[in-house]
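Dropping structure.cif in here (mmCIF, C-alpha atoms):
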```cif
data_input
loop_
_atom_site.label_atom_id
_atom_site.label_comp_id
_atom_site.auth_asym_id
_atom_site.auth_seq_id
_atom_site.Cartn_x
_atom_site.Cartn_y
_atom_site.Cartn_z
CA SER D 1 112.87 -3.70 145.10
CA SER D 2 112.36 -0.53 143.08
CA TYR D 3 109.59 -0.02 140.55
CA ASN D 4 110.32 1.13 137.02
CA LYS D 5 107.87 2.74 134.60
CA LYS D 6 106.91 -0.62 133.05
CA HIS D 7 106.19 -2.11 136.47
CA LEU D 8 104.00 0.83 137.45
CA LEU D 9 102.01 0.90 134.20
CA MET D 10 101.41 -2.85 134.26
CA GLY D 11 100.68 -2.64 137.98
CA ILE D 12 98.00 -0.05 137.31
CA LEU D 13 96.51 -2.32 134.64
CA GLY D 14 96.62 -5.35 136.94
CA GLY D 15 95.04 -3.37 139.76
CA PHE D 16 92.33 -2.15 137.40
CA PHE D 17 91.53 -5.71 136.31
CA LEU D 18 91.46 -6.88 139.94
CA SER D 19 89.14 -4.05 141.00
CA LEU D 20 86.73 -4.88 138.16
CA HIS D 21 86.93 -8.56 139.06
CA PHE D 22 85.82 -7.77 142.62
CA SER D 23 83.17 -5.28 141.47
CA PHE D 24 81.52 -7.66 139.01
CA TRP D 25 81.85 -10.78 141.14
CA ILE D 26 80.69 -9.36 144.47
CA SER D 27 77.81 -7.58 142.72
CA SER D 28 76.72 -10.87 141.14
CA LEU D 29 76.08 -12.36 144.59
CA LYS D 30 73.16 -9.97 145.04
CA PHE D 31 71.32 -11.51 142.09
CA THR D 32 72.32 -15.16 141.81
CA SER D 33 73.28 -18.06 144.09
CA VAL D 34 76.73 -18.44 145.63
CA ALA D 35 77.22 -21.73 143.76
CA SER D 36 76.36 -20.22 140.36
CA SER D 37 78.46 -17.11 140.96
CA VAL D 38 81.56 -18.98 142.07
CA VAL D 39 81.33 -21.61 139.33
CA LEU D 40 80.97 -18.96 136.63
CA VAL D 41 83.76 -16.75 137.93
CA ALA D 42 85.97 -19.84 138.14
CA THR D 43 85.70 -20.29 134.37
CA ASN D 44 88.61 -17.87 134.03
CA PRO D 45 90.92 -20.68 132.77
CA ILE D 46 88.95 -20.41 129.52
CA PHE D 47 90.12 -16.85 129.03
CA VAL D 48 93.59 -17.32 130.48
CA GLY D 49 94.22 -20.11 127.98
CA LEU D 50 92.79 -18.04 125.13
CA PHE D 51 94.64 -14.83 126.05
CA SER D 52 97.91 -16.73 126.57
CA TYR D 53 97.71 -17.98 123.02
CA LEU D 54 96.50 -14.73 121.42
CA PHE D 55 98.88 -12.33 123.16
CA PHE D 56 101.88 -14.45 124.14
CA LYS D 57 101.66 -17.31 121.60
CA GLU D 58 101.72 -19.88 124.38
CA LYS D 59 100.50 -23.22 123.09
CA GLN D 60 98.16 -25.03 125.46
CA PRO D 61 98.21 -28.84 125.94
CA ALA D 62 95.30 -30.90 124.66
CA GLU D 63 94.22 -31.72 128.21
CA LEU D 64 93.85 -28.03 129.01
CA ILE D 65 91.86 -27.37 125.83
CA LEU D 66 89.52 -30.25 126.70
CA GLY D 67 89.12 -28.84 130.19
CA ILE D 68 88.30 -25.41 128.76
CA ILE D 69 85.59 -26.91 126.53
CA LEU D 70 84.05 -28.87 129.40
CA SER D 71 84.19 -25.79 131.62
CA PHE D 72 82.38 -23.73 129.00
CA LEU D 73 79.67 -26.37 128.55
CA GLY D 74 79.25 -26.57 132.30
CA SER D 75 78.78 -22.81 132.45
CA ILE D 76 75.99 -22.99 129.87
CA ILE D 77 74.23 -25.72 131.88
CA LEU D 78 74.56 -23.62 135.02
CA VAL D 79 73.06 -20.50 133.44
CA VAL D 80 70.15 -22.48 131.98
CA GLY D 81 69.58 -24.01 135.41
CA ASP D 82 69.30 -20.55 136.95
CA SER D 83 67.15 -18.90 134.28
CA GLY D 84 65.56 -21.68 132.24
CA LEU D 85 65.60 -21.86 128.46
CA GLN D 86 62.47 -19.72 128.20
CA GLY D 87 63.55 -17.28 130.88
CA LEU D 88 67.05 -16.37 129.81
CA THR D 89 66.03 -12.89 128.71
CA VAL D 90 62.68 -11.97 130.21
CA GLN D 91 61.29 -14.35 132.83
CA ASN D 92 64.19 -14.33 135.25
CA PRO D 93 66.37 -11.27 134.53
CA SER D 94 67.70 -11.13 138.09
CA PHE D 95 69.44 -14.51 137.97
CA LEU D 96 70.65 -13.86 134.43
CA LEU D 97 72.14 -10.50 135.45
CA GLY D 98 73.96 -12.18 138.32
CA ASP D 99 75.35 -14.86 136.00
CA ILE D 100 76.52 -12.23 133.49
CA LEU D 101 78.25 -10.22 136.23
CA ALA D 102 80.01 -13.36 137.49
CA PHE D 103 81.10 -14.19 133.93
CA LEU D 104 82.53 -10.68 133.49
CA GLY D 105 84.31 -11.20 136.80
CA ALA D 106 85.97 -14.27 135.29
CA ILE D 107 87.24 -12.27 132.32
CA MET D 108 88.67 -9.56 134.58
CA ALA D 109 90.34 -12.18 136.80
CA SER D 110 91.99 -13.60 133.70
CA GLY D 111 93.43 -10.22 132.78
CA TYR D 112 94.70 -9.85 136.34
CA LEU D 113 96.45 -13.24 136.20
CA MET D 114 97.97 -12.51 132.78
CA VAL D 115 99.45 -9.21 133.94
CA GLY D 116 100.66 -10.86 137.12
CA SER D 117 102.40 -13.67 135.25
CA LYS D 118 104.50 -11.16 133.32
CA LEU D 119 105.31 -8.91 136.27
CA ARG D 120 106.25 -11.85 138.49
CA GLU D 121 108.98 -12.75 135.99
CA GLU D 122 110.76 -9.58 137.08
CA MET D 123 109.42 -8.86 140.57
CA ASP D 124 109.35 -10.59 143.95
CA VAL D 125 105.93 -11.37 145.34
CA LEU D 126 105.86 -8.79 148.17
CA PRO D 127 106.68 -5.73 146.03
CA TYR D 128 104.27 -6.99 143.38
CA ILE D 129 101.27 -7.51 145.66
CA SER D 130 101.98 -4.25 147.52
CA MET D 131 101.73 -2.37 144.24
CA VAL D 132 98.79 -4.20 142.65
CA TYR D 133 96.67 -4.43 145.80
CA THR D 134 97.20 -0.70 146.43
CA PHE D 135 96.12 0.25 142.92
CA SER D 136 93.12 -2.09 143.11
CA ALA D 137 92.03 -0.68 146.47
CA SER D 138 92.41 2.85 145.11
CA PHE D 139 90.19 2.11 142.11
CA LEU D 140 87.57 0.52 144.36
CA LEU D 141 87.69 3.44 146.79
CA ILE D 142 87.22 5.99 144.00
CA SER D 143 84.34 4.04 142.43
CA SER D 144 82.63 3.55 145.81
CA ILE D 145 82.81 7.26 146.59
CA SER D 146 81.60 8.13 143.08
CA LEU D 147 78.60 5.79 143.43
CA GLY D 148 77.77 7.09 146.90
CA ILE D 149 78.27 3.71 148.58
CA PRO D 150 78.38 4.22 152.38
CA PHE D 151 81.27 2.92 154.47
CA THR D 152 79.43 2.99 157.78
CA GLY D 153 76.09 1.83 159.17
CA TYR D 154 76.58 -1.91 158.67
CA LYS D 155 76.21 -4.63 161.29
CA LEU D 156 79.25 -5.47 163.38
CA SER D 157 79.21 -8.98 161.90
CA SER D 158 79.48 -7.46 158.41
CA TYR D 159 82.71 -5.68 159.33
CA PHE D 160 84.00 -8.92 160.83
CA TYR D 161 83.37 -10.73 157.53
CA MET D 162 85.06 -7.89 155.64
CA VAL D 163 88.18 -8.33 157.75
CA LEU D 164 88.09 -12.08 157.13
CA LEU D 165 87.81 -11.47 153.38
CA ALA D 166 90.79 -9.14 153.47
CA ILE D 167 92.98 -11.48 155.52
CA VAL D 168 91.98 -14.96 154.34
CA SER D 169 90.80 -14.48 150.76
CA GLN D 170 93.04 -11.60 149.72
CA LEU D 171 96.26 -11.58 151.74
CA ILE D 172 96.50 -15.37 151.99
CA GLY D 173 94.54 -16.71 149.01
CA HIS D 174 95.40 -14.21 146.29
CA THR D 175 98.98 -13.88 147.49
CA ALA D 176 99.38 -17.66 147.16
CA PHE D 177 98.19 -17.44 143.55
CA ASN D 178 100.56 -14.54 142.88
CA TRP D 179 103.47 -16.43 144.41
CA ALA D 180 102.71 -19.40 142.15
CA LEU D 181 102.69 -17.23 139.02
CA LYS D 182 106.49 -17.11 139.07
CA HIS D 183 106.77 -20.88 139.10
CA LEU D 184 103.81 -22.00 136.96
CA LYS D 185 102.07 -20.82 133.80
CA ALA D 186 99.09 -18.55 134.34
CA SER D 187 96.83 -21.20 132.80
CA MET D 188 97.93 -23.76 135.40
CA VAL D 189 97.39 -21.31 138.27
CA ALA D 190 93.95 -20.49 136.88
CA ILE D 191 93.02 -24.17 136.85
CA THR D 192 93.66 -24.43 140.61
CA ILE D 193 90.93 -21.81 141.12
CA LEU D 194 88.41 -24.38 139.85
CA GLY D 195 88.43 -25.81 143.37
CA GLU D 196 86.66 -22.69 144.66
CA PRO D 197 83.11 -23.72 143.64
CA ILE D 198 83.27 -26.90 145.71
CA GLY D 199 84.27 -25.16 148.91
CA ALA D 200 81.99 -22.18 148.33
CA SER D 201 78.97 -24.38 147.58
CA ILE D 202 79.53 -26.41 150.75
CA LEU D 203 79.88 -23.26 152.86
CA ALA D 204 76.81 -21.70 151.21
CA TYR D 205 74.78 -24.79 152.12
CA ILE D 206 76.03 -24.78 155.72
CA ILE D 207 75.69 -21.03 156.33
CA PHE D 208 72.86 -19.92 154.01
CA ARG D 209 71.08 -23.24 153.36
CA GLU D 210 71.42 -22.72 149.61
CA THR D 211 70.56 -25.94 147.79
CA ILE D 212 72.43 -27.18 144.74
CA LYS D 213 70.38 -28.57 141.89
CA SER D 214 71.29 -32.11 140.88
CA PHE D 215 72.44 -31.19 137.37
CA GLN D 216 74.49 -28.25 138.70
CA SER D 217 76.45 -30.56 140.97
#
```

Please, can you express the file's structure as structure tokens?
Amino acid sequence: SSYNKKHLLMGILGGFFLSLHFSFWISSLKFTSVASSVVLVATNPIFVGLFSYLFFKEKQPAELILGIILSFLGSIILVVGDSGLQGLTVQNPSFLLGDILAFLGAIMASGYLMVGSKLREEMDVLPYISMVYTFSASFLLISSISLGIPFTGYKLSSYFYMVLLAIVSQLIGHTAFNWALKHLKASMVAITILGEPIGASILAYIIFRETIKSFQS
């Protein structure tokens, strides 16, 4: 299908949000644990519910509001577990920075889902993802070149994992979310992402031997 001016402008915005989501989230993994990063970035239902009400006047059911509150409280517990009450600002800045980056990633993911929910009302999934993924990749390419990030010199296994991320996480995972946006509210799609921390934490334990603190689980 053809793209009109509205589609292109919103596609640029959606691609921008998606590129920032990846930038913040992937960067957070350098400073904090996989479990903390994924749990925090999966709090995006908080912002999807809030933005849906503020910008589109969509009323959220009581169950969703309760879930948002519990998700927010869980995020606070997680951050304290990483940094400690006394170390939130000075004693453990590395973990705190990682948690903040993951949290910003959640906000950007929410913007991406909100834009997608509106565009999917008018567009089929393939034209939509072709446009948004292209804009997102372009933003990431420009920022990588600007920051002097090299594209070569990594281990062969690293390139293998990059391909897996592109195929499994992006083309399959994100496309499934984008397909669902035409049939479900953005807030409901966002809630399904809450399953990510469970799988990611299990994989992090198996692959990296990262332990999960009792109160974080």

*Rounded to one decimal place, report the atom CA of D:Gly14-atom CA of D:Phe139 distance in Å.*
11.1 Å

D:Val48 environment, 9 Å, all atoms listed in the file, sequence neighbours closer than 3 positions dropped, as a PDB file with C-alpha atoms, keeping the file's coordinate frame:
```
ATOM      1  CA  ASN D  44      88.610 -17.870 134.030  1.00  0.00           C
ATOM      2  CA  PRO D  45      90.920 -20.680 132.770  1.00  0.00           C
ATOM      3  CA  PHE D  51      94.640 -14.830 126.050  1.00  0.00           C
ATOM      4  CA  SER D  52      97.910 -16.730 126.570  1.00  0.00           C
ATOM      5  CA  TYR D  53      97.710 -17.980 123.020  1.00  0.00           C
ATOM      6  CA  ILE D 107      87.240 -12.270 132.320  1.00  0.00           C
ATOM      7  CA  ALA D 109      90.340 -12.180 136.800  1.00  0.00           C
ATOM      8  CA  SER D 110      91.990 -13.600 133.700  1.00  0.00           C
ATOM      9  CA  GLY D 111      93.430 -10.220 132.780  1.00  0.00           C
ATOM     10  CA  LEU D 113      96.450 -13.240 136.200  1.00  0.00           C
ATOM     11  CA  MET D 114      97.970 -12.510 132.780  1.00  0.00           C
ATOM     12  CA  ALA D 186      99.090 -18.550 134.340  1.00  0.00           C
ATOM     13  CA  SER D 187      96.830 -21.200 132.800  1.00  0.00           C
ATOM     14  CA  ALA D 190      93.950 -20.490 136.880  1.00  0.00           C
TER      15      ALA D 190
END
```

*So which residues touch stretch 117-130 of chain D within 12 Å, counting only C-alpha atoms, skipping near sequence neighbours fewer than 3 positions away, as a PyMOL selection string?*
chain D and resi 1-4+6-15+18+48+52+55-56+110-114+133-137+170-190

*Between atom CA of D:Phe103 and atom CA of D:Glu63 - distance in Å to one decimal*: 22.6 Å

Can you tell me, as JSON, the centre and edge lengths (Å, one decimal) of the axis-aligned box enclosing all of stretch 10-24 of chain D's listed atoms after padding each side by 6 Å?
```
{"center_x": 91.5, "center_y": -4.3, "center_z": 138.4, "size_x": 31.9, "size_y": 20.5, "size_z": 20.4}
```

*For D:Thr43, which residue among D:Ala106, D:Ile145, D:Leu66, D:Met162 is the nearest when counting only C-alpha atoms?*
D:Ala106

*Could you state the separation of atom CA of D:Leu50 and atom CA of D:Gly105 in Å, given to one decimal place?*
16.0 Å
